[in-house]
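Raw contents of query17.cif, mmCIF, C-alpha atoms and all ligand atoms:
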data_my_file
loop_
_atom_site.label_atom_id
_atom_site.label_comp_id
_atom_site.auth_asym_id
_atom_site.auth_seq_id
_atom_site.Cartn_x
_atom_site.Cartn_y
_atom_site.Cartn_z
CA MET A 1 -23.08 -33.46 -6.41
CA ALA A 2 -19.45 -32.47 -6.34
CA SER A 3 -17.81 -31.20 -9.51
CA PRO A 4 -14.32 -30.00 -10.49
CA ALA A 5 -15.66 -26.42 -10.37
CA ASP A 6 -16.06 -26.84 -6.62
CA VAL A 7 -12.28 -26.70 -6.30
CA GLN A 8 -12.31 -23.14 -7.63
CA LYS A 9 -15.17 -22.19 -5.36
CA LEU A 10 -13.49 -23.59 -2.24
CA PHE A 11 -10.17 -22.05 -3.22
CA LEU A 12 -11.65 -18.57 -3.72
CA GLN A 13 -13.42 -18.81 -0.39
CA ALA A 14 -10.11 -19.68 1.26
CA ILE A 15 -8.37 -16.74 -0.41
CA LEU A 16 -11.15 -14.34 0.55
CA SER A 17 -11.08 -15.30 4.20
CA ARG A 18 -7.32 -14.69 4.30
CA ARG A 19 -7.37 -11.57 2.05
CA VAL A 20 -3.74 -11.84 0.88
CA VAL A 21 -1.85 -15.13 0.74
CA SER A 22 1.68 -16.10 -0.25
CA VAL A 23 2.08 -18.27 -3.33
CA ASN A 24 3.22 -21.17 -1.15
CA LEU A 25 0.12 -21.00 1.01
CA ALA A 26 -2.05 -20.59 -2.08
CA LYS A 27 -0.61 -23.83 -3.50
CA VAL A 28 -1.24 -25.66 -0.24
CA LEU A 29 -4.82 -24.38 -0.23
CA TRP A 30 -5.28 -25.53 -3.81
CA LYS A 31 -4.14 -29.05 -2.92
CA LYS A 32 -6.45 -29.13 0.09
CA CYS A 33 -9.39 -28.01 -2.02
CA VAL A 34 -8.65 -30.75 -4.58
CA ASP A 35 -8.47 -33.36 -1.81
CA ALA A 36 -11.69 -32.12 -0.23
CA VAL A 37 -13.62 -32.41 -3.50
CA LYS A 38 -12.14 -35.87 -4.18
CA VAL A 39 -13.36 -37.03 -0.81
CA ALA A 40 -16.86 -36.05 -1.90
CA ASP A 41 -16.53 -37.83 -5.25
CA ASP A 42 -13.52 -40.04 -5.86
CA SER A 43 -14.40 -40.62 -9.52
CA LEU A 44 -13.91 -36.98 -10.54
CA ASP A 45 -11.00 -36.14 -12.81
CA ILE A 46 -9.57 -33.00 -11.21
CA PRO A 47 -6.46 -31.47 -12.71
CA TRP A 48 -3.69 -30.99 -10.19
CA GLY A 49 0.10 -31.10 -10.26
CA PRO A 50 3.05 -29.85 -8.25
CA ASP A 51 4.71 -28.15 -11.23
CA LYS A 52 4.47 -24.52 -12.27
CA ASN A 53 2.48 -25.22 -15.43
CA ALA A 54 -0.32 -26.92 -13.53
CA TRP A 55 -0.46 -24.00 -11.11
CA ASP A 56 -0.48 -21.41 -13.88
CA ASP A 57 -3.28 -23.34 -15.63
CA PHE A 58 -5.32 -23.38 -12.45
CA ILE A 59 -4.89 -19.63 -11.94
CA SER A 60 -5.78 -18.84 -15.54
CA ARG A 61 -8.89 -21.06 -15.34
CA ILE A 62 -9.96 -19.18 -12.23
CA ASN A 63 -9.37 -15.85 -13.89
CA GLU A 64 -11.37 -16.92 -16.93
CA SER A 65 -14.35 -17.60 -14.72
CA LEU A 66 -13.87 -14.38 -12.75
CA ASN A 67 -13.53 -12.29 -15.88
CA PRO A 68 -17.28 -11.65 -16.47
CA ILE A 69 -17.62 -10.15 -13.01
CA ASP A 70 -14.51 -7.98 -13.34
CA LEU A 71 -12.55 -9.78 -10.66
CA GLU A 72 -9.07 -11.21 -10.93
CA LEU A 73 -6.82 -13.33 -8.79
CA ALA A 74 -3.80 -11.06 -9.07
CA SER A 75 -0.30 -11.48 -7.76
CA SER A 76 2.36 -9.08 -6.66
CA THR A 77 5.59 -9.28 -4.70
CA ASP A 78 5.60 -8.23 -1.06
CA GLU A 79 7.97 -5.27 -0.85
CA LYS A 80 9.31 -6.29 2.53
CA THR A 81 9.75 -10.03 2.16
CA GLY A 82 10.11 -10.38 -1.59
CA ARG A 83 7.50 -13.17 -1.54
CA GLN A 84 4.92 -13.51 -4.27
CA MET A 85 1.44 -12.80 -2.88
CA PHE A 86 -2.05 -13.39 -4.27
CA ALA A 87 -5.29 -11.53 -3.66
CA LEU A 88 -8.68 -11.18 -5.27
CA VAL A 89 -8.71 -7.84 -7.05
CA ASN A 90 -11.46 -5.75 -8.59
CA ARG A 91 -10.21 -5.08 -12.11
CA ASN A 92 -12.55 -2.14 -12.51
CA GLY A 93 -10.87 -0.64 -9.55
CA ASP A 94 -10.42 3.01 -10.24
CA GLU A 95 -12.39 3.34 -7.01
CA VAL A 96 -11.90 2.09 -3.48
CA ALA A 97 -14.98 -0.10 -3.85
CA GLN A 98 -13.37 -3.05 -2.12
CA MET A 99 -13.74 -1.31 1.21
CA ALA A 100 -17.43 -0.47 0.90
CA THR A 101 -18.69 -3.53 2.75
CA ASP A 102 -16.61 -2.78 5.82
CA TYR A 103 -16.51 1.00 5.96
CA SER A 104 -18.84 3.96 5.79
CA PRO A 105 -18.41 6.59 3.05
CA LEU A 106 -16.84 8.89 5.64
CA GLU A 107 -14.35 6.24 6.68
CA ILE A 108 -13.49 5.53 3.05
CA ALA A 109 -12.96 9.25 2.47
CA TYR A 110 -10.63 9.19 5.48
CA PHE A 111 -8.74 6.23 4.04
CA LYS A 112 -8.33 8.01 0.72
CA ALA A 113 -7.05 11.11 2.48
CA LEU A 114 -4.50 8.93 4.29
CA VAL A 115 -3.42 7.28 1.04
CA GLU A 116 -2.99 10.75 -0.41
CA GLN A 117 -0.73 11.85 2.43
CA ILE A 118 1.28 8.65 2.19
CA MET A 119 1.72 9.05 -1.57
CA LEU A 120 2.72 12.70 -1.20
CA ALA A 121 4.94 12.24 1.87
CA PRO A 122 8.24 14.15 1.59
CA ASN A 123 11.53 12.60 0.60
CA TYR A 124 10.00 9.46 -0.93
CA SER A 125 9.13 8.22 2.55
CA TYR A 126 5.67 6.94 1.52
CA SER A 127 4.64 6.93 5.17
CA ILE A 128 3.08 9.25 7.74
CA SER A 129 3.28 9.60 11.51
CA SER A 130 0.37 8.74 13.83
CA MET A 131 -0.19 12.39 14.47
CA ALA A 132 -0.29 13.27 10.78
CA ALA A 133 -2.76 10.40 10.25
CA LEU A 134 -5.08 11.72 12.94
CA ARG A 135 -4.77 15.27 11.74
CA GLU A 136 -6.09 14.09 8.40
CA VAL A 137 -9.64 13.98 9.81
CA ASN A 138 -9.58 17.77 9.44
CA SER A 139 -9.72 17.31 5.70
CA LEU A 140 -13.05 15.45 5.82
CA LYS A 141 -16.34 17.13 5.09
CA SER A 142 -18.14 15.54 8.02
CA ASN A 143 -16.94 15.40 11.57
CA MET A 144 -15.05 12.47 12.92
CA THR A 145 -14.00 12.51 16.55
CA LYS A 146 -10.47 11.67 17.63
CA THR A 147 -11.68 8.41 19.18
CA GLN A 148 -13.52 7.45 16.01
CA ALA A 149 -10.42 8.25 13.98
CA GLU A 150 -8.26 6.15 16.30
CA ASN A 151 -10.65 3.23 16.02
CA VAL A 152 -10.91 3.34 12.27
CA LEU A 153 -7.13 3.70 11.92
CA ALA A 154 -6.66 0.62 14.08
CA SER A 155 -9.19 -1.16 11.92
CA PHE A 156 -7.35 -0.21 8.70
CA VAL A 157 -4.27 -1.81 10.24
CA ALA A 158 -6.12 -4.87 11.61
CA LYS A 159 -7.75 -5.57 8.24
CA GLY A 160 -4.49 -5.23 6.43
CA TRP A 161 -5.11 -2.01 4.50
CA LEU A 162 -2.35 -0.09 6.24
CA LEU A 163 0.88 -1.15 7.88
CA LYS A 164 1.91 0.32 11.20
CA PRO A 165 4.86 -1.10 13.15
CA LYS A 166 4.72 -0.51 16.88
CA LYS A 167 6.82 2.63 16.91
CA GLY A 168 6.76 3.26 13.21
CA ARG A 169 4.69 5.14 10.70
CA TYR A 170 1.62 4.31 8.64
CA SER A 171 2.36 3.01 5.17
CA LEU A 172 0.54 1.11 2.42
CA SER A 173 0.22 -2.65 2.82
CA THR A 174 0.72 -5.32 0.18
CA ARG A 175 -3.06 -5.74 0.23
CA THR A 176 -3.61 -2.08 -0.62
CA LEU A 177 -0.90 -2.08 -3.27
CA LEU A 178 -2.50 -5.17 -4.82
CA GLU A 179 -6.20 -4.46 -4.47
CA LEU A 180 -6.08 -0.71 -4.97
CA GLN A 181 -3.33 -0.61 -7.54
CA PRO A 182 -5.52 0.76 -10.36
CA TYR A 183 -6.79 3.50 -8.03
CA ILE A 184 -3.26 4.43 -6.92
CA ARG A 185 -1.86 4.41 -10.44
CA GLN A 186 -4.71 6.48 -11.75
CA THR A 187 -4.87 8.97 -8.89
CA TYR A 188 -1.13 9.47 -8.44
CA PRO A 189 0.38 8.97 -11.89
CA ASP A 190 3.36 11.19 -11.07
CA GLU A 191 3.78 10.54 -7.38
CA LYS A 192 4.05 6.79 -7.57
CA LEU A 193 7.47 5.28 -8.25
CA GLU A 194 7.89 2.21 -10.40
CA CYS A 195 10.57 -0.36 -9.82
CA THR A 196 13.03 -0.40 -12.71
CA VAL A 197 13.25 -4.18 -12.55
CA CYS A 198 9.70 -5.46 -11.93
CA MET A 199 7.72 -2.34 -12.92
CA GLU A 200 5.52 -2.62 -9.84
CA ILE A 201 4.96 0.31 -7.48
CA VAL A 202 7.79 0.94 -5.04
CA THR A 203 7.02 2.28 -1.58
CA ARG A 204 10.05 0.61 0.02
CA GLY A 205 13.43 0.17 -1.54
CA THR A 206 16.40 2.15 -2.78
CA ARG A 207 17.05 4.91 -5.31
CA CYS A 208 20.09 5.82 -7.31
CA TYR A 209 21.91 8.75 -5.72
CA THR A 210 22.81 10.53 -8.94
CA SER A 211 20.74 13.69 -9.14
CA ASN A 212 17.90 13.40 -11.66
CA CYS A 213 18.54 9.69 -12.16
CA LYS A 214 15.09 8.06 -12.09
CA ILE A 215 16.21 4.58 -11.12
CA GLN A 216 14.59 2.96 -8.09
CA LEU A 217 14.29 -0.67 -7.09
CA HIS A 218 12.64 -2.83 -4.47
CA GLY A 219 15.03 -4.36 -1.95
CA HIS A 220 14.53 -7.85 -3.39
CA CYS A 221 14.84 -6.58 -6.97
CA MET A 222 18.07 -4.79 -6.05
CA THR A 223 19.45 -7.99 -4.53
CA ALA A 224 18.65 -9.89 -7.72
CA TYR A 225 20.00 -7.11 -9.95
CA ARG A 226 23.25 -6.87 -8.02
CA LYS A 227 24.00 -10.53 -8.65
CA THR A 228 24.72 -9.78 -12.28
CA HIS A 229 25.26 -6.01 -12.40
CA SER A 230 27.28 -3.48 -10.44
CA LYS A 231 26.27 -0.26 -12.17
CA CYS A 232 23.11 1.83 -12.39
CA PRO A 233 21.22 0.79 -15.55
CA SER A 234 20.57 4.42 -16.41
CA CYS A 235 23.42 6.69 -15.31
CA ASN A 236 26.04 3.97 -15.04
CA THR A 237 27.36 5.03 -11.62
CA ASP A 238 29.07 2.30 -9.67
CA TRP A 239 26.76 0.60 -7.16
CA SER A 240 29.20 -2.09 -6.10
CA LYS A 241 30.06 -2.58 -2.44
CA GLY A 242 32.87 -0.34 -1.31
CA SER A 243 32.30 2.28 -3.96
CA GLY A 244 28.71 3.38 -4.47
CA ALA A 245 26.49 0.92 -2.62
CA GLU A 246 26.61 2.91 0.63
CA LYS A 247 25.43 6.05 -1.10
CA LEU A 248 22.18 4.56 -2.43
CA LEU A 249 19.16 6.51 -1.16
CA LEU A 250 16.22 4.96 0.60
CA VAL A 251 12.57 4.83 -0.39
CA GLY A 252 10.06 4.27 2.40
CA GLU A 253 9.68 4.84 6.11
CA ASN A 254 13.44 5.08 6.74
CA ALA A 255 13.67 7.96 4.29
CA ALA A 256 11.30 10.10 6.37
CA PRO A 257 12.80 13.35 7.64
CA LYS A 258 13.66 12.98 11.33
CA ASP A 259 11.24 15.62 12.55
CA ASP A 260 8.43 14.72 10.15
CA GLY A 261 5.21 14.21 12.05
CA ARG A 262 6.06 16.55 14.88
CA ALA A 263 6.08 19.76 12.93
CA GLY A 264 3.92 18.15 10.25
CA ARG A 265 1.71 19.93 7.84
CA GLY A 266 -0.11 21.96 10.46
CA GLY A 267 3.04 23.48 11.81
CA ARG A 268 4.47 24.30 8.47
CA ALA A 269 4.62 28.06 8.99
CA GLN A 270 6.93 27.67 11.95
CA PRO A 271 9.27 24.75 11.24
CA ARG A 272 9.54 24.85 7.49
CA GLN A 273 13.12 26.14 7.45
CA ALA A 274 14.14 23.79 10.19
CA THR A 275 12.59 20.91 8.29
CA ALA A 276 14.33 21.88 5.08
CA ARG A 277 17.66 22.10 6.84
CA LYS A 278 17.41 18.62 8.24
CA MET A 279 16.27 16.99 5.04
CA SER A 280 18.63 15.12 2.82
CA PRO A 281 19.91 16.90 -0.28
CA ALA A 282 17.60 14.75 -2.37
CA ARG A 283 14.65 16.53 -0.80
CA ALA A 284 15.64 19.58 -2.74
CA ARG A 285 15.13 17.72 -5.99
CA LEU A 286 12.76 20.01 -7.79
CA PRO A 287 11.16 18.12 -10.66
CA ARG A 288 9.07 15.92 -8.41
CA ARG A 289 7.74 18.81 -6.40
CA THR A 290 7.00 20.78 -9.50
CA ARG A 291 5.15 17.85 -10.96
CA ARG A 292 3.31 17.48 -7.72
CA LYS A 293 2.02 21.01 -7.89
CA THR A 294 0.76 20.71 -11.42
CA ASN A 295 -1.07 17.55 -10.53
CA LEU A 296 -2.49 18.93 -7.38
CA LEU A 297 -5.44 20.60 -8.98
CA SER A 298 -6.59 17.60 -10.92
CA ASN A 299 -6.06 15.41 -7.87
CA LEU A 300 -8.12 17.71 -5.74
CA ARG A 301 -10.94 17.74 -8.24
CA ARG A 302 -10.85 14.00 -8.55
CA ARG A 303 -10.79 13.55 -4.84
CA ARG A 304 -13.79 15.74 -4.24
CA ARG A 305 -15.71 13.85 -6.86
CA ASP A 306 -14.64 10.50 -5.44
CA ALA A 307 -15.55 11.37 -1.90
CA ASP A 308 -19.21 11.60 -2.84
CA ARG A 309 -19.36 8.39 -4.75
CA VAL A 310 -19.11 4.98 -3.25
CA ASN A 311 -19.57 1.95 -5.41
CA VAL A 312 -21.36 -1.18 -4.41
CA ALA A 313 -18.81 -3.68 -3.28
CA ASN A 314 -18.14 -6.70 -5.41
CA VAL A 315 -16.33 -8.58 -2.75
CA SER A 316 -17.29 -9.30 0.78
CA LEU A 317 -14.33 -9.25 3.08
CA GLY A 318 -13.95 -11.38 6.14
CA ALA A 319 -14.81 -9.63 9.36
CA SER A 320 -12.03 -8.79 11.70
CA SER A 321 -12.20 -7.03 15.00
CA VAL A 322 -9.65 -4.70 16.41
CA SER A 323 -8.14 -6.03 19.59
CA GLU A 324 -7.97 -3.90 22.71
CA ASP A 325 -4.22 -4.31 22.59
CA GLU A 326 -3.97 -2.64 19.25
CA GLU A 327 -6.18 0.19 20.33
CA GLU A 328 -4.01 0.76 23.37
CA LYS A 329 -0.90 0.82 21.24
CA GLU A 330 -2.49 3.44 19.05
CA GLU A 331 -3.40 5.51 22.06
CA ASP A 332 0.12 5.31 23.44
CA ALA A 333 1.56 6.45 20.16
CA MET A 334 -0.95 9.29 20.09
CA GLU A 335 -0.08 10.56 23.53
CA VAL A 336 3.61 10.79 22.73
CA ASP A 337 2.89 12.55 19.49
CA GLU A 338 0.59 15.07 21.04
CA GLU A 339 3.07 16.05 23.70
CA GLU A 340 5.60 16.70 21.02
CA ALA A 341 3.22 18.64 18.84
CA ALA A 342 3.07 22.39 18.92
CA PRO A 343 -0.30 23.49 20.31
CA THR A 344 -1.01 25.51 17.21
CA ALA A 345 -0.31 22.62 14.91
CA LYS A 346 -3.64 20.93 15.39
CA ALA A 347 -5.73 24.02 14.86
CA LYS A 348 -4.35 24.73 11.46
CA GLY A 349 -5.82 23.32 8.32
CA LYS A 350 -4.75 21.04 5.58
CA ARG A 351 -1.43 21.52 3.94
CA ARG A 352 -2.55 21.92 0.41
CA ARG A 353 -5.89 23.63 0.77
ZN ZN A 401 10.82 -4.50 -8.10
ZN ZN A 402 21.54 6.13 -11.68
#

What would you get if you wrote out this structure as structure tokens?
Amino acid sequence: MASPADVQKLFLQAILSRRVVSVNLAKVLWKKCVDAVKVADDSLDIPWGPDKNAWDDFISRINESLNPIDLELASSTDEKTGRQMFALVNRNGDEVAQMATDYSPLEIAYFKALVEQIMLAPNYSYSISSMAALREVNSLKSNMTKTQAENVLASFVAKGWLLKPKKGRYSLSTRTLLELQPYIRQTYPDEKLECTVCMEIVTRGTRCYTSNCKIQLHGHCMTAYRKTHSKCPSCNTDWSKGSGAEKLLLVGENAAPKDDGRAGRGGRAQPRQATARKMSPARARLPRRTRRKTNLLSNLRRRRRDADRVNVANVSLGASSVSEDEEEKEEDAMEVDEEEAAPTAKAKGKRRR
């Protein structure tokens, strides 16, 4: 017997198999689920409507039913496209439990170490090179071979946990920012940046160039803000085109120091001065680094504790295999990086240990 509750069930299954969906796709899926249940029983009175209220009602009904099992259909804006995205999120998520069905404890520890490096990356770049990502296996308690690390990295990308453009760096995906938001906020309270407009985490966007001004915005939030304002909301400097707009600083991959990833953490003894010279003046901003140091100890403690504890997953995630193509791309990127790397770089240990 079909019932209106079947719409929710079908809809959640559709979301789960796609992991993260845009609001437009989510609305299409909702309509399809309604139609499918009506086909089974035409007499059912199933609420549906094209307007925003009907959609909001549907989402809040779903969240009411998910509430007892600590899940939520949460939404966030994609930092790159500015589109609203939905995903099923574990509300009790101060852990990376969502990954437990797909990954071993060692692989999850590796993922957390990568997230750490991305969150602590210099110059607000929130991204790391392929070489830095592979070097991170050195921080794990158990051994992971280079091939294993390459495979699991490719899998993190294939399953949407990390982003990695062909020639670019690893960064956090919308999925990770949505599903692991409580973990990121709790683990990196001082390293994460919040958008002044939408209050969500910023890993791509722009920053005000005034020293010590704490204003940063997503690209899409900046576009919206600029329509009605031309000055920084905090320090009042002129951001309008022709005067200050060109000076705005970047947040994200494009803010990475040019030689980051070649010298990297392992080679810090040798290229530190060179790195500092090439960095933008903002790199010298001290408060953030100072804060980072004071938080380091608590982060380290937390991380050690976390590494030994893996929760039972609440959500089963759709399987996804890594294509040979993607593995090859990873290998290509690796080879280039390794040629560029100083031979001593690999042997050395973790930056902050
Ligand atoms: Zn924003
Ligand atoms: Zn400012």

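Using only C-alpha atoms and all ligand atoms, residues with at least one atom at most 9 Å away from any atom of ligand ZN 402 (chain A) are Arg207, Cys208, Tyr209, Thr210, Ser211, Asn212, Cys213, Lys214, Ile215, Gln216, Lys231, Cys232, Pro233, Ser234, Cys235, Asn236, Thr237, Asp238 and Trp239 of chain A.
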
Set the cut-off to 12 Å, count only C-alpha atoms and all ligand atoms, and list whatever residues fall near ligand ZN 401 (chain A) as a PyMOL selection string.
-> chain A and resi 76-84+193-207+215-225

Between atom CA of A:Val251 and atom CA of A:Pro122, what is the distance, to one decimal in Å?
->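 Answer for the atom CA of A:Val251 to atom CA of A:Pro122 separation: 10.5 Å.
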
Skipping near chain neighbours, those fewer than 4 positions away, what residues fall within 10 Å of A:Trp30 using all atoms listed in the file, listed as a list in words?
->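 Contacts, in chain order: Val7, Gln8, Leu10, Phe11, Leu12, Ala14, Ile15, Asn24, Leu25, Ala26, Val34, Asp35, Ala36, Trp48, Trp55 and Phe58 of chain A.
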
For each of A:Arg19, A:Arg135, A:Arg91, A:Lys32, take the minimum atom-to-atom distance to A:Leu153, counting only C-alpha atoms, then give the residue where this is smallest.
-> A:Arg135

Record the distance separating atom CA of A:Met131 and atom CA of A:Thr187, expressed in Å with one decimal.
->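 Atom CA of A:Met131 sits 24.1 Å away from atom CA of A:Thr187.
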
So, counting only C-alpha atoms, which residue among A:Ser60, A:Ser142, A:Ser65, A:Ser129 is closest to A:Lys9?
-> A:Ser65

Could you give me, as number ranges by chain, the residues within 8 Å of A:Ala87, counting only C-alpha atoms and dropping anything in the same chain fewer than 5 positions from it?
-> A: 15-16, 19-21, 73-75, 175, 178-179

Hey, which of A:Lys38, A:Lys258, A:His229, A:Arg18 ends up closest to A:Lys159? Count only C-alpha atoms.
-> A:Arg18

Find, counting all atoms listed in the file, the residue in A:Asn63, A:Thr174, A:Gln181, A:Ser104 that gets nearest to A:Met85.
->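 The answer is A:Thr174, which sits nearest to A:Met85.
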
Interatomic distance, atom CA of A:Asn92 to atom CA of A:Asp56 (Å, one decimal) =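 Distance between the two atoms: 22.8 Å.
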
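Considering all atoms listed in the file, the residue among A:Glu253, A:Ser125, A:Gln186, A:Met119 positioned nearest to A:Pro165 is A:Glu253.
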
Compare A:Ser3, A:Thr145, A:Asn138, A:Ser230 by their minimum atom-to-atom distance to A:Asp42, counting all atoms listed in the file, and give me the closest one.
-> A:Ser3
